[in-house]
Amino acid sequence: MTEIEFILYVKDQTASRDFYTQILTLEPHLDVPGMTEFLLSENVKLGLMPETGIAKIISGPLPHPQTGTGIPRCELYLKVPNAAAYMQRGIDAGATEVSPLQIRNWGDQAGYMADPDGHVIAFAEANS
């Protein structure tokens, strides 16, 4: 693999762009109608695509993405320095806390939230 991109289907691209800009403290790498991308590391991107745009490609064989809004099906698990600061920025930006920052049985300190579209985001750091 030369590049990895995770794409979230969102109701409102502009609102989601602003939310992720605030919580990640990153400016979009790409921001055009139909796609916003954040460069998370050298070869890893987070994309935001409007539900209406992806529905043109996948609807028919698959349900329209709007029918799954708020149903947790996966998570973004992001290891960061100072997970508490990321969690707070998320809450301040309008995320819903799902599970507070705490030491997990796999050894990380992680907290979980849901973005305005219901996507689950975990911010974690190694428990020292």
# chains A, B, ... in the order shown; residues from 1 in each chain; ligands from 1
>>> residues_around(residues="A:Leu78", least_positions_apart="6", cutoff="7 Å", atoms="only C-alpha atoms", output="MDAnalysis selection string")
chainID A and resid 122:124
>>> select_by_dssp(residues="stretch 27-128 of chain A", states="helix (DSSP H, G or I)", output="list in words")
Glu51, Thr52, Gly53, Ile54, Ala55, Lys56, Ile57, Ile58, Pro65, Gln66, Thr67, Gly68, Ala83, Ala84, Ala85, Tyr86, Met87, Gln88, Arg89, Gly90, Ile91 and Asp92 of chain A
>>> residues_around(residues="stretch 82-86 of chain A", least_positions_apart="3", cutoff="10 Å", atoms="only C-alpha atoms", output="ChimeraX atom specification")
/A:22-25,78-79,89-92,100-102,109-111,122-126
>>> closest_residue(among="A:Glu51, A:Val10, A:Gly107, A:Gly118", to="A:Arg73", atoms="only C-alpha atoms")
A:Gly118
>>> closest_residue(among="A:Glu75, A:Ile4, A:Pro65, A:Tyr9", to="A:Leu39", atoms="only C-alpha atoms")
A:Ile4
>>> closest_residue(among="A:Ala93, A:Val98, A:Leu62, A:Ala114", to="A:Tyr20", atoms="only C-alpha atoms")
A:Ala93
>>> select_by_dssp(residues="chain A", states="strand (DSSP E)", output="PyMOL selection string")
chain A and resi 4-10+30-32+35-41+44-50+75-79+96-103+108-114+120-126
>>> residues_around(residues="A:Leu46", least_positions_apart="2", cutoff="9 Å", atoms="only C-alpha atoms", output="PyMOL selection string")
chain A and resi 4-8+36-40+44+48
>>> closest_residue(among="A:Met1, A:Met113, A:Glu27, A:Lys11", to="A:Leu76", atoms="only C-alpha atoms")
A:Met113
>>> residues_around(residues="A:Asp115", least_positions_apart="2", cutoff="8 Å", atoms="only C-alpha atoms", output="ChimeraX atom specification")
/A:90,94-96,113,117-121
>>> write_last_selection(atoms="all heavy atoms", output="PDB file, in the first residue's frame")
ATOM      1  N   GLY A  90     -13.115  18.024  21.152  1.00  0.00           N
ATOM      2  CA  GLY A  90     -14.274  17.362  20.548  1.00  0.00           C
ATOM      3  C   GLY A  90     -15.569  17.770  21.211  1.00  0.00           C
ATOM      4  O   GLY A  90     -16.551  18.108  20.540  1.00  0.00           O
ATOM      5  N   GLY A  94     -18.866  20.108  19.713  1.00  0.00           N
ATOM      6  CA  GLY A  94     -20.213  19.562  19.552  1.00  0.00           C
ATOM      7  C   GLY A  94     -20.311  18.052  19.526  1.00  0.00           C
ATOM      8  O   GLY A  94     -21.382  17.504  19.262  1.00  0.00           O
ATOM      9  N   ALA A  95     -19.206  17.349  19.809  1.00  0.00           N
ATOM     10  CA  ALA A  95     -19.258  15.891  19.870  1.00  0.00           C
ATOM     11  C   ALA A  95     -20.032  15.458  21.119  1.00  0.00           C
ATOM     12  O   ALA A  95     -20.149  16.209  22.087  1.00  0.00           O
ATOM     13  CB  ALA A  95     -17.852  15.304  19.921  1.00  0.00           C
ATOM     14  N   THR A  96     -20.521  14.244  21.090  1.00  0.00           N
ATOM     15  CA  THR A  96     -21.186  13.638  22.239  1.00  0.00           C
ATOM     16  C   THR A  96     -20.210  12.659  22.882  1.00  0.00           C
ATOM     17  O   THR A  96     -19.703  11.759  22.197  1.00  0.00           O
ATOM     18  CB  THR A  96     -22.445  12.865  21.790  1.00  0.00           C
ATOM     19  OG1 THR A  96     -23.317  13.772  21.128  1.00  0.00           O
ATOM     20  CG2 THR A  96     -23.143  12.213  22.961  1.00  0.00           C
ATOM     21  N   MET A 113     -16.004   9.349  21.668  1.00  0.00           N
ATOM     22  CA  MET A 113     -17.028  10.360  21.401  1.00  0.00           C
ATOM     23  C   MET A 113     -17.679  10.048  20.070  1.00  0.00           C
ATOM     24  O   MET A 113     -17.166   9.238  19.292  1.00  0.00           O
ATOM     25  CB  MET A 113     -16.420  11.761  21.393  1.00  0.00           C
ATOM     26  CG  MET A 113     -15.427  12.001  20.270  1.00  0.00           C
ATOM     27  SD  MET A 113     -14.741  13.685  20.272  1.00  0.00           S
ATOM     28  CE  MET A 113     -13.900  13.690  21.822  1.00  0.00           C
ATOM     29  N   ASP A 117     -22.361  13.415  13.039  1.00  0.00           N
ATOM     30  CA  ASP A 117     -23.025  12.412  12.206  1.00  0.00           C
ATOM     31  C   ASP A 117     -23.128  11.062  12.905  1.00  0.00           C
ATOM     32  O   ASP A 117     -23.651  10.110  12.337  1.00  0.00           O
ATOM     33  CB  ASP A 117     -22.269  12.229  10.888  1.00  0.00           C
ATOM     34  CG  ASP A 117     -22.440  13.421   9.961  1.00  0.00           C
ATOM     35  OD1 ASP A 117     -23.562  13.631   9.468  1.00  0.00           O
ATOM     36  OD2 ASP A 117     -21.465  14.163   9.759  1.00  0.00           O
ATOM     37  N   GLY A 118     -22.621  10.964  14.127  1.00  0.00           N
ATOM     38  CA  GLY A 118     -22.679   9.714  14.873  1.00  0.00           C
ATOM     39  C   GLY A 118     -21.490   8.795  14.667  1.00  0.00           C
ATOM     40  O   GLY A 118     -21.479   7.681  15.179  1.00  0.00           O
ATOM     41  N   HIS A 119     -20.464   9.242  13.930  1.00  0.00           N
ATOM     42  CA  HIS A 119     -19.260   8.426  13.767  1.00  0.00           C
ATOM     43  C   HIS A 119     -18.503   8.386  15.098  1.00  0.00           C
ATOM     44  O   HIS A 119     -18.326   9.417  15.742  1.00  0.00           O
ATOM     45  CB  HIS A 119     -18.339   8.994  12.687  1.00  0.00           C
ATOM     46  CG  HIS A 119     -18.978   9.075  11.347  1.00  0.00           C
ATOM     47  ND1 HIS A 119     -19.320  10.269  10.759  1.00  0.00           N
ATOM     48  CD2 HIS A 119     -19.363   8.117  10.479  1.00  0.00           C
ATOM     49  CE1 HIS A 119     -19.878  10.042   9.587  1.00  0.00           C
ATOM     50  NE2 HIS A 119     -19.916   8.735   9.387  1.00  0.00           N
ATOM     51  N   VAL A 120     -18.049   7.204  15.481  1.00  0.00           N
ATOM     52  CA  VAL A 120     -17.331   7.042  16.740  1.00  0.00           C
ATOM     53  C   VAL A 120     -15.853   7.371  16.534  1.00  0.00           C
ATOM     54  O   VAL A 120     -15.212   6.881  15.610  1.00  0.00           O
ATOM     55  CB  VAL A 120     -17.481   5.598  17.267  1.00  0.00           C
ATOM     56  CG1 VAL A 120     -16.668   5.395  18.544  1.00  0.00           C
ATOM     57  CG2 VAL A 120     -18.956   5.285  17.522  1.00  0.00           C
ATOM     58  N   ILE A 121     -15.344   8.215  17.416  1.00  0.00           N
ATOM     59  CA  ILE A 121     -13.937   8.609  17.404  1.00  0.00           C
ATOM     60  C   ILE A 121     -13.371   8.293  18.778  1.00  0.00           C
ATOM     61  O   ILE A 121     -13.956   8.661  19.795  1.00  0.00           O
ATOM     62  CB  ILE A 121     -13.761  10.127  17.152  1.00  0.00           C
ATOM     63  CG1 ILE A 121     -14.544  10.582  15.946  1.00  0.00           C
ATOM     64  CG2 ILE A 121     -12.287  10.487  17.039  1.00  0.00           C
ATOM     65  CD1 ILE A 121     -14.738  12.091  15.906  1.00  0.00           C
TER      66      ILE A 121
END
>>> atom_distance(atom1="atom CA of A:Pro50", atom2="atom CA of A:Leu26")
19.8 Å
>>> closest_residue(among="A:Glu3, A:Ser128, A:Ser99, A:Thr14", to="A:Asn43", atoms="only C-alpha atoms")
A:Glu3
>>> atom_distance(atom1="atom CA of A:Pro61", atom2="atom CA of A:Pro116")
26.3 Å
